[in-house]
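For reference, the structure is listed below as structure tokens.
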Amino acid sequence: MEKSFVEYLQKKVLSEKDMKYGEAIDLVNLTGTAIFDLMVAANRIKEHFVGKNVHLCSIINAKSGKCPEDCGFCAQSSSHATGVKVFDLVGADEIVETAKSAEKELATCFGIVTSGRTINTIGEFDTICAAIRKIRDATSISPSASLGMISYEQAVALKDAGLVTYHHNIETSRGFFPKVCSTHTYDNAIETINNAKRAGLKVCSGVIFGLGEGLPDWVDMAFTLKELRVDSVPVNFLNPVENTRFEGNEPLPPLELLKGVALFRFILPDKRISVCGGREKNLRDLQSFMFLAGANGTMVGGYLTTKGRQREEDLVMIHDLGLGTG
Ligand code: SF4
């Protein structure tokens with residue numbers, strides 16, 4: 001029964017690129033070996049809509065710490081005494097050099113990431129725009145920026161500088177968001193996403209699993225991202241940092257997390273879905289299954305405040321699965 005339900009939904013998504021909310025709720029409640037059936041189906045949907053290549057992205061932590069927001073998972077919030085590195089915005093040249101290295105390491109997208117609610121000064125904004133212009137001149141990597149909340153005018157200026165993608169996570173579902181953050185709202189995040197889209201930027205917006213949300217929240221997140229018509233979806237797994245509000249969260253079983261990735265592929269069949277932060281710690285030996293579960297991207301070369309594994313290991317994993325990069 002469960003297998004035929006998965007097959008029915010797979011056929012439906014392949015032909016209609018769509019499924020109903022209630023069907024997604026049934027899907028996220030699957031357990032046991034049905035999760036393997038689900039992954040196989042998610043893989044077929046992935047190959048049909050986005051092919052077999054794995055997109056690699058890489059980031060620079062361009063400004064770290066001292067963030068006035070209180071996101072419960074974040075090592076950079078000033079509400080949490082985590083001992084994370086604190087530094088002001090790095091120079092444009094450092095950003096450009098890091099982008100060049102990322103390109104050499106096969107990343108196709110390079111993100112400039114700053115901590116904080118938004119970009120504070122015109123000087124900072126100009127430095128970032130200058131870095132974007134230089135990246136466009138000196139590399140063929142696709143620049144992305146994650147600068148907190150931005151206005152429509154800022155989005156236009158970033159687009160004019162040559163930015164391709166704006167990154168701004170929704171983090172979780174609307175219903176669960178108040179348990180994650182009290183200093184800004186879900187609608188603030190959506191406003192930034194809409195500003196970026198209106199300015200003609202691509203949007204990358206993702207989520208974190210493991211903050212204490214329930215399975216229906218995963219369905220809500222994916223439908224919100226579908227509604228927002230984002231282009232790319234990073235799925236992160238909480239890697240609890242000591243002294244953050246979520247430091248004691250129990251890790252979710254790897255198969256549950258993979259079920260979540262597969263769910264996202266069913267709901268967002270033709271989008272880039274990248275499994276990013278927390279994959280090593282949370283998936284452990286099942287890490288390569290993330291591509292079978294429907295992911296077609298990942299972040300290489302480490303995360304914002306935590307190290308990833310060696311890039312070479314990721315490339316071997318992708319090669320061993322018979323997948324390409326690009
Ligand atoms: S706004 Fe960004 S940097 Fe600030 S606490 Fe939230 S996640 Fe961390």
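Quick note on naming: the chains in the structure tokens go A, B, ... in the order shown, residues restart at 1 in each chain, and ligands are numbered from 1 in order of appearance.
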Excluding Glu250 of chain A and its own-chain neighbours fewer than 3 positions away, which residues fall within 9 Å of it when counting only C-alpha atoms? Please give them as an MDAnalysis selection string. chainID A and resid 210 212 240 247
Output of the above residues as a JSON list (two decimals), in the first residue's frame, restricted to N, CA and C atoms:
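That gives us selection.json:
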```
[["chain", "number", "residue", "atom", "x", "y", "z"],
["A", 210, "GLY", "N", 15.43, 20.29, 12.36],
["A", 210, "GLY", "CA", 15.97, 19.88, 13.67],
["A", 210, "GLY", "C", 15.90, 20.97, 14.72],
["A", 212, "GLY", "N", 13.24, 21.65, 16.34],
["A", 212, "GLY", "CA", 12.17, 21.29, 17.28],
["A", 212, "GLY", "C", 10.80, 21.32, 16.61],
["A", 240, "PRO", "N", 24.01, 21.65, 16.58],
["A", 240, "PRO", "CA", 23.83, 22.52, 17.74],
["A", 240, "PRO", "C", 25.16, 23.07, 18.25],
["A", 247, "GLU", "N", 21.06, 24.49, 21.85],
["A", 247, "GLU", "CA", 22.24, 23.64, 22.05],
["A", 247, "GLU", "C", 21.87, 22.21, 22.46]]
```
Using DSSP on the backbone, list every residue of segment 80-224 of chain A that comes out as helix (DSSP H, G or I), and give them as a VMD selection string. chain A and resid 92 to 104 122 to 138 152 to 161 177 to 180 186 to 198 215 to 224
Can you pull out every residue with an atom within 6 Å of ligand 1? Use only C-alpha atoms and all ligand atoms and format it as a JSON list (two decimals) with N, CA, C and O atoms, in the first residue's frame.
```json
[["chain", "number", "residue", "atom", "x", "y", "z"],
["A", 67, "CYS", "N", 25.63, 39.93, 15.95],
["A", 67, "CYS", "CA", 24.33, 40.19, 15.31],
["A", 67, "CYS", "C", 23.28, 40.49, 16.38],
["A", 67, "CYS", "O", 23.14, 39.74, 17.35],
["A", 69, "GLU", "N", 20.13, 40.20, 16.18],
["A", 69, "GLU", "CA", 18.95, 39.32, 16.09],
["A", 69, "GLU", "C", 19.14, 38.12, 17.04],
["A", 69, "GLU", "O", 20.26, 37.84, 17.47],
["A", 70, "ASP", "N", 18.04, 37.43, 17.33],
["A", 70, "ASP", "CA", 18.15, 36.36, 18.34],
["A", 70, "ASP", "C", 17.76, 34.97, 17.79],
["A", 70, "ASP", "O", 17.15, 34.18, 18.51],
["A", 71, "CYS", "N", 18.13, 34.68, 16.56],
["A", 71, "CYS", "CA", 17.82, 33.36, 15.98],
["A", 71, "CYS", "C", 18.43, 32.27, 16.88],
["A", 71, "CYS", "O", 19.64, 32.27, 17.11],
["A", 74, "CYS", "N", 21.71, 30.25, 16.07],
["A", 74, "CYS", "CA", 22.84, 30.93, 15.41],
["A", 74, "CYS", "C", 23.98, 31.28, 16.37],
["A", 74, "CYS", "O", 23.77, 31.96, 17.38],
["A", 76, "GLN", "N", 26.22, 33.33, 15.77],
["A", 76, "GLN", "CA", 26.64, 34.72, 15.58],
["A", 76, "GLN", "C", 25.74, 35.74, 16.27],
["A", 76, "GLN", "O", 26.00, 36.94, 16.23],
["A", 77, "SER", "N", 24.65, 35.25, 16.88],
["A", 77, "SER", "CA", 23.75, 36.17, 17.58],
["A", 77, "SER", "C", 24.42, 36.69, 18.84],
["A", 77, "SER", "O", 25.02, 35.92, 19.60],
["A", 115, "SER", "N", 26.95, 38.78, 8.70],
["A", 115, "SER", "CA", 26.05, 38.67, 9.84],
["A", 115, "SER", "C", 25.30, 39.99, 10.00],
["A", 115, "SER", "O", 25.73, 41.03, 9.49],
["A", 116, "GLY", "N", 24.20, 39.92, 10.72],
["A", 116, "GLY", "CA", 23.46, 41.15, 11.03],
["A", 116, "GLY", "C", 22.09, 41.17, 10.41],
["A", 116, "GLY", "O", 21.79, 40.43, 9.48],
["A", 117, "ARG", "N", 21.25, 42.06, 10.96],
["A", 117, "ARG", "CA", 19.87, 42.19, 10.47],
["A", 117, "ARG", "C", 19.87, 42.68, 9.03],
["A", 117, "ARG", "O", 19.07, 42.29, 8.22]]
```
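With only C-alpha atoms as the atoms that count, the minimum distance from Val207 of chain A to the choices A:Arg245, A:His168, A:Arg265, A:Lys52 is reached by A:His168.
Put simply, atom CA of Asp220 of chain A is 7.7 Å away from atom CA of Arg174 of chain A.
Shortest atom-to-atom contact with Tyr152 of chain A among A:Ala99, A:Ile122, A:Val164, A:Ala199: A:Ala199, counting only C-alpha atoms.
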Quick one: everything within 7 Å of Val90 of chain A, counting only C-alpha atoms, minus sequence neighbours fewer than 3 positions away in the same chain. Send it as a VMD selection string. chain A and resid 62 to 63 94
Residues from the last selection, N, CA, C and O atoms, saved as a tab-separated table (two decimals), in the first residue's frame:
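The result, stored in again16.tsv:
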```tsv
chain	number	residue	atom	x	y	z
A	62	ALA	N	31.96	36.94	5.35
A	62	ALA	CA	32.60	38.22	5.07
A	62	ALA	C	32.49	39.20	6.23
A	62	ALA	O	33.17	40.23	6.25
A	63	LYS	N	31.63	38.90	7.18
A	63	LYS	CA	31.48	39.76	8.36
A	63	LYS	C	30.85	38.88	9.43
A	63	LYS	O	29.79	38.29	9.19
A	94	GLU	N	39.80	40.58	-0.68
A	94	GLU	CA	39.75	39.26	-0.01
A	94	GLU	C	38.54	38.46	-0.52
A	94	GLU	O	38.63	37.24	-0.75
```
Which is closest to Glu124 of chain A among A:Gly294, A:Gly326, A:Gly91, A:Gly22, if we use only C-alpha atoms? A:Gly91
Contact residues around Gln287 of chain A with only C-alpha atoms at 10 Å, ignoring same-chain residues under 5 positions, as a short mmCIF file (atom, residue, chain, number, x, y, z; two decimals) with N, CA, C and O atoms, in the first residue's frame:
```
data_model
loop_
_atom_site.label_atom_id
_atom_site.label_comp_id
_atom_site.auth_asym_id
_atom_site.auth_seq_id
_atom_site.Cartn_x
_atom_site.Cartn_y
_atom_site.Cartn_z
N PRO A 254 19.11 9.99 10.76
CA PRO A 254 19.46 10.29 9.37
C PRO A 254 18.35 9.96 8.37
O PRO A 254 18.10 10.73 7.45
N LEU A 258 16.60 12.38 5.58
CA LEU A 258 16.58 12.05 4.15
C LEU A 258 15.14 12.04 3.63
O LEU A 258 14.87 12.45 2.50
N VAL A 275 21.83 20.14 -0.12
CA VAL A 275 21.97 19.82 1.30
C VAL A 275 23.27 20.47 1.77
O VAL A 275 24.34 20.23 1.21
N ARG A 279 25.37 18.43 7.34
CA ARG A 279 25.18 17.12 6.68
C ARG A 279 26.13 16.06 7.24
O ARG A 279 25.74 14.91 7.41
N GLU A 280 27.37 16.44 7.50
CA GLU A 280 28.35 15.45 7.96
C GLU A 280 27.93 14.86 9.31
O GLU A 280 27.91 13.66 9.51
N LYS A 281 27.59 15.77 10.23
CA LYS A 281 27.28 15.34 11.59
C LYS A 281 25.95 14.60 11.67
O LYS A 281 25.80 13.64 12.43
N ASN A 282 24.97 15.05 10.90
CA ASN A 282 23.62 14.48 11.03
C ASN A 282 23.39 13.23 10.19
O ASN A 282 22.67 12.33 10.60
N LEU A 292 20.57 10.51 -3.56
CA LEU A 292 19.52 9.55 -3.91
C LEU A 292 18.16 10.07 -3.44
O LEU A 292 17.13 9.82 -4.06
N ASP A 314 34.21 15.01 -0.92
CA ASP A 314 32.90 15.22 -1.55
C ASP A 314 32.97 14.89 -3.04
O ASP A 314 32.03 14.30 -3.59
N MET A 317 32.89 11.20 -3.48
CA MET A 317 31.51 10.69 -3.23
C MET A 317 30.63 10.91 -4.47
O MET A 317 29.92 9.98 -4.90
#
```
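What separates atom CA of Arg284 of chain A from atom CA of Ile35 of chain A is a distance of 17.3 Å.
Coordinates place atom CA of Asn43 of chain A at a distance of 15.3 Å from atom CA of Leu27 of chain A.
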Of A:Lys271, A:Lys202, A:Lys3, A:Arg44, the one sitting nearest Ala145 of chain A when using only C-alpha atoms is A:Lys202
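Using only C-alpha atoms, the smallest distance between any of A:Ile190, A:Val13, A:Leu252, A:Ile273 and Glu213 of chain A comes from A:Leu252.
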